[in-house]
There are 2 protein chains.
Amino acid sequence: MTVVRRDFELGTLFLGDVLDVLGLVRESSVDLVLTDPPYSSGGSTIETRQRCPVEKYQNTGTKKPYPSFSGDHLDQRSYVNWCVEWGSRSRLLLKSGAVHAQFTDWRQLPATVDAVQRAGLHWRGIVPWDKTETARPTVGGFRAQAEYLVWGSNGPLSRSRGVGCLPGAFREPVRRSDKLHVTGKPTALMVRLVAACPPNGVVADWFAGSGTTAVAAVVTGRRFIGCEVSQEYFEIACKRIHEAEARLA
Amino acid sequence: MTVVRRDFELGTLFLGDVLDVLGLVRESSVDLVLTDPPYSSGGSTIETRQRCPVEKYQNTGTKKPYPSFSGDHLDQRSYVNWCVEWGSRSRLLLKSGAVHAQFTDWRQLPATVDAVQRAGLHWRGIVPWDKTETARPTVGGFRAQAEYLVWGSNGPLSRSRGVGCLPGAFREPVRRSDKLHVTGKPTALMVRLVAACPPNGVVADWFAGSGTTAVAAVVTGRRFIGCEVSQEYFEIACKRIHEAEARLA
DNA sequence: CCCTTCTATGAATCGTGCT
DNA sequence: CAGCACGATTCATAGAAGG
């Protein structure tokens with residue numbers, strides 16, 4: 001498959017499939033993998049899971065339109081295998097002792113823990129992200145209000161990477177003005193999370209979406225590398241990265 | 001095994017092993033199971049896991065001494081089997097459509113999700129409890145700062161139990177004055193969680209420890225049933241329940 | 001400019017009813 | 001009857017609109 005490359009002052013974004021892009025990056029060159037793959041979640045039956053993501057994750061009758069995204073249709077077995085595939089290859093690009101962190105929801109959490117370990121990473125923990133009460137309510141039960149980072153290290157965790165002690169729980173609301181993807185993460189959250197990368201290090205995001213991880217890297221004085229498979233989101237990401245770099249100058 | 005029974009105005013506490021006690025409770029009589037079994041966690045090798053709980057969960061040199069507790073020595077396979085054993089029998093005591101919620105830490109989370117499902121419960125979600133910055137820091141990585149409730153329902157979740165929409169994330173610090181067990185939970189947290197039981201309903205805790213769940217039930221106008229295997233903690237729990245009922249009168 | 005009021009929305013789920 | 005499409009539903013909050 002063909003891959004398009006776009007270079008910035010502080011990093012590079014590729015347009016193309018993860019597995020194609022992973023072959024283009026130098027080994028042991030990344031200080032932090034922080035990424036948000038499609039969860040292939042939502043719905044208890046395979047039929048509902050295989051609906052289009054924008055339909056299954058948004059309320060019926062929602063006004064705000066987002067472009068759809070692909071790769072969200074896998075059953076749980078395939079999801080694990082696919083995560084292992086890109087995760088193992090991503091691990092080779094990660095420096096020894098560095099951190100890999102990947103988002104998941106409650107339904108895929110156990111599967112994601114399996115996948116991270118099978119990718120050869122040393123599983124080190126779970127970090128909850130509390131989305132606050134902006135999440136949909138559940139009548140008679142607890143609201144599904146958190147998403148999770150499953151994190152591990154490439155070999156023994158290096159304690160001397162110039163990264164101090166990081167918090168182990170984050171509370172950050174989703175702001176509409178800050179959400180450019182159906183599943184977009186708040187910039188403020190990503191800014192706090194890239195602290196797991198030493199200053200001036202390289203942050204990788206293999207599912208860049210609207211580019212929030214890269215923007216957070218730029219804003220905090222780090223470099224970035226990443227890819228996005230959808231042309232539409234790729235262009236949005238490039239625009240945001242460009243703007244972030246311009247504001248910095 | 002012999003079981004001792006102690007009755008209170010608003011409930012009953014048994015001294016004895018879970019599996020013995022579960023046979024003494026009437027089927028479909030419980031509105032909420034909210035319990036905190038020993039996690040059999042801590043350490044990645046079986047040797048470190050099999051140390052005495054007070055040693056492995058406390059820093060060396062800790063001043064405040066807690067009585068030790070038992071049932072914390074299982075490997076992960078046995079842990080799941082044991083949870084399935086008491087979980088299935090506990091489910092029969094739970095009303096149809098009612099909630100089962102059990103605490104776990106990050107390391108046992110995937111195993112606990114398996115156990116809850118194998119116990120015949122319908123897994124509905126994960127609720128993070130953020131212990132705040134009172135947890136031990138991790139140099140170079142994210143602090144292990146949260147514990148988790150894995151929750152499910154006995155059959156389809158009833159929406160008309162007199163329980164509204166519950167929050168899906170809790171932030172509550174551990175206060176030393178409020179912690180009478182090595183793994184004791186804050187009373188304020190348990191008070192918020194028993195909201196998953198309709199007013200005047202019955203809350204069950206099969207691993208009562210120092211009795212915080214029962215105290216929370218009493219304080220919020222609910223009834224309770226539970227058991228504790230250690231004589232020492234049983235007495236502490238009875239004393240606290242008695243005091244809570246006295247304050248109410 | 002500040003305060004109040006109002007409306008839209010959320011990494012869904014469930015039941016109904018049609019094909 | 002299995003499979004699938006579709007709309008009703010929940011409420012705290014963000015953000016816009018209005019005064």
# chains A, B, ... in the order shown; residues from 1 in each chain; ligands from 1
call {"tool": "interface_residues", "arguments": {"of": "chain B", "to": "chain D", "cutoff": "12 Å", "atoms": "only C-alpha atoms (C1' of nucleotides)", "output": "PDB file with all heavy atoms, in the first residue's frame"}}
result
ATOM      1  N   ARG B 159     -34.169  -1.568  35.585  1.00  0.00           N
ATOM      2  CA  ARG B 159     -34.076  -0.104  35.586  1.00  0.00           C
ATOM      3  C   ARG B 159     -35.055   0.520  36.565  1.00  0.00           C
ATOM      4  O   ARG B 159     -35.103   1.719  36.719  1.00  0.00           O
ATOM      5  CB  ARG B 159     -34.397   0.433  34.186  1.00  0.00           C
ATOM      6  CG  ARG B 159     -33.441   0.010  33.111  1.00  0.00           C
ATOM      7  CD  ARG B 159     -34.186   0.098  31.774  1.00  0.00           C
ATOM      8  NE  ARG B 159     -33.335  -0.293  30.672  1.00  0.00           N
ATOM      9  CZ  ARG B 159     -32.535   0.563  30.043  1.00  0.00           C
ATOM     10  NH1 ARG B 159     -32.486   1.811  30.389  1.00  0.00           N
ATOM     11  NH2 ARG B 159     -31.787   0.141  29.040  1.00  0.00           N
ATOM     12  N   GLY B 164     -31.426   5.546  40.791  1.00  0.00           N
ATOM     13  CA  GLY B 164     -31.371   6.413  39.608  1.00  0.00           C
ATOM     14  C   GLY B 164     -30.168   6.113  38.748  1.00  0.00           C
ATOM     15  O   GLY B 164     -29.815   4.964  38.539  1.00  0.00           O
ATOM     16  N   CYS B 165     -29.532   7.150  38.221  1.00  0.00           N
ATOM     17  CA  CYS B 165     -28.294   7.016  37.486  1.00  0.00           C
ATOM     18  C   CYS B 165     -27.141   7.237  38.453  1.00  0.00           C
ATOM     19  O   CYS B 165     -27.068   8.286  39.089  1.00  0.00           O
ATOM     20  CB  CYS B 165     -28.220   8.039  36.365  1.00  0.00           C
ATOM     21  SG  CYS B 165     -29.493   7.809  35.129  1.00  0.00           S
ATOM     22  N   LEU B 166     -26.260   6.271  38.538  1.00  0.00           N
ATOM     23  CA  LEU B 166     -25.143   6.370  39.483  1.00  0.00           C
ATOM     24  C   LEU B 166     -23.908   6.902  38.781  1.00  0.00           C
ATOM     25  O   LEU B 166     -23.720   6.658  37.591  1.00  0.00           O
ATOM     26  CB  LEU B 166     -24.854   4.998  40.063  1.00  0.00           C
ATOM     27  CG  LEU B 166     -26.057   4.306  40.702  1.00  0.00           C
ATOM     28  CD1 LEU B 166     -25.741   2.859  40.984  1.00  0.00           C
ATOM     29  CD2 LEU B 166     -26.460   5.027  41.973  1.00  0.00           C
ATOM     30  N   PRO B 167     -23.027   7.591  39.508  1.00  0.00           N
ATOM     31  CA  PRO B 167     -21.772   8.051  38.914  1.00  0.00           C
ATOM     32  C   PRO B 167     -20.937   6.846  38.488  1.00  0.00           C
ATOM     33  O   PRO B 167     -21.142   5.744  38.984  1.00  0.00           O
ATOM     34  CB  PRO B 167     -21.071   8.786  40.061  1.00  0.00           C
ATOM     35  CG  PRO B 167     -22.051   8.917  41.155  1.00  0.00           C
ATOM     36  CD  PRO B 167     -23.144   7.921  40.926  1.00  0.00           C
TER      37      PRO B 167
END
call {"tool": "closest_atom_pairs", "arguments": {"of": "chain A", "to": "chain B", "cutoff": "6 Å", "atoms": "only C-alpha atoms", "output": "Markdown table"}}
result
| residue | atom | partner | partner_atom | distance |
| --- | --- | --- | --- | --- |
| A:Trp106 | CA | B:Ile126 | CA | 6.0 |
| A:Pro110 | CA | B:Pro110 | CA | 4.6 |
| A:Thr138 | CA | B:Cys165 | CA | 5.5 |
| A:Val139 | CA | B:Cys165 | CA | 4.8 |
| A:Gly140 | CA | B:Arg159 | CA | 4.7 |
| A:Gly141 | CA | B:Leu166 | CA | 5.7 |
| A:Phe142 | CA | B:Leu166 | CA | 4.6 |
| A:Arg143 | CA | B:Gly168 | CA | 4.2 |
| A:Ala144 | CA | B:Gly168 | CA | 5.6 |
| A:Gln145 | CA | B:Gly168 | CA | 5.0 |
| A:Arg159 | CA | B:Gly140 | CA | 4.7 |
| A:Val163 | CA | B:Gly140 | CA | 5.1 |
| A:Gly164 | CA | B:Gly140 | CA | 5.3 |
| A:Cys165 | CA | B:Val139 | CA | 4.7 |
| A:Leu166 | CA | B:Phe142 | CA | 4.7 |
| A:Pro167 | CA | B:Arg143 | CA | 5.4 |
| A:Gly168 | CA | B:Arg143 | CA | 4.2 |
call {"tool": "interface_residues", "arguments": {"of": "chain A", "to": "chain C", "cutoff": "9 Å", "atoms": "only C-alpha atoms (C1' of nucleotides)", "output": "PyMOL selection string"}}
result
chain A and resi 38-39+41-43+53+56-59+62-64+104-105+134-138+147+176+182-183
call {"tool": "select_by_dssp", "arguments": {"residues": "region 102-147 of chain A", "states": "strand (DSSP E or B)", "output": "list of chain:residue names"}}
result
A:Gln102, A:Phe103, A:Thr104, A:His122, A:Trp123, A:Arg124, A:Gly125, A:Ile126, A:Val127, A:Pro128, A:Trp129, A:Asp130, A:Val139, A:Phe142, A:Ala146, A:Glu147
call {"tool": "atom_distance", "arguments": {"atom1": "CA of Ala101 (chain A)", "atom2": "CA of Phe207 (chain A)"}}
result
12.4 Å
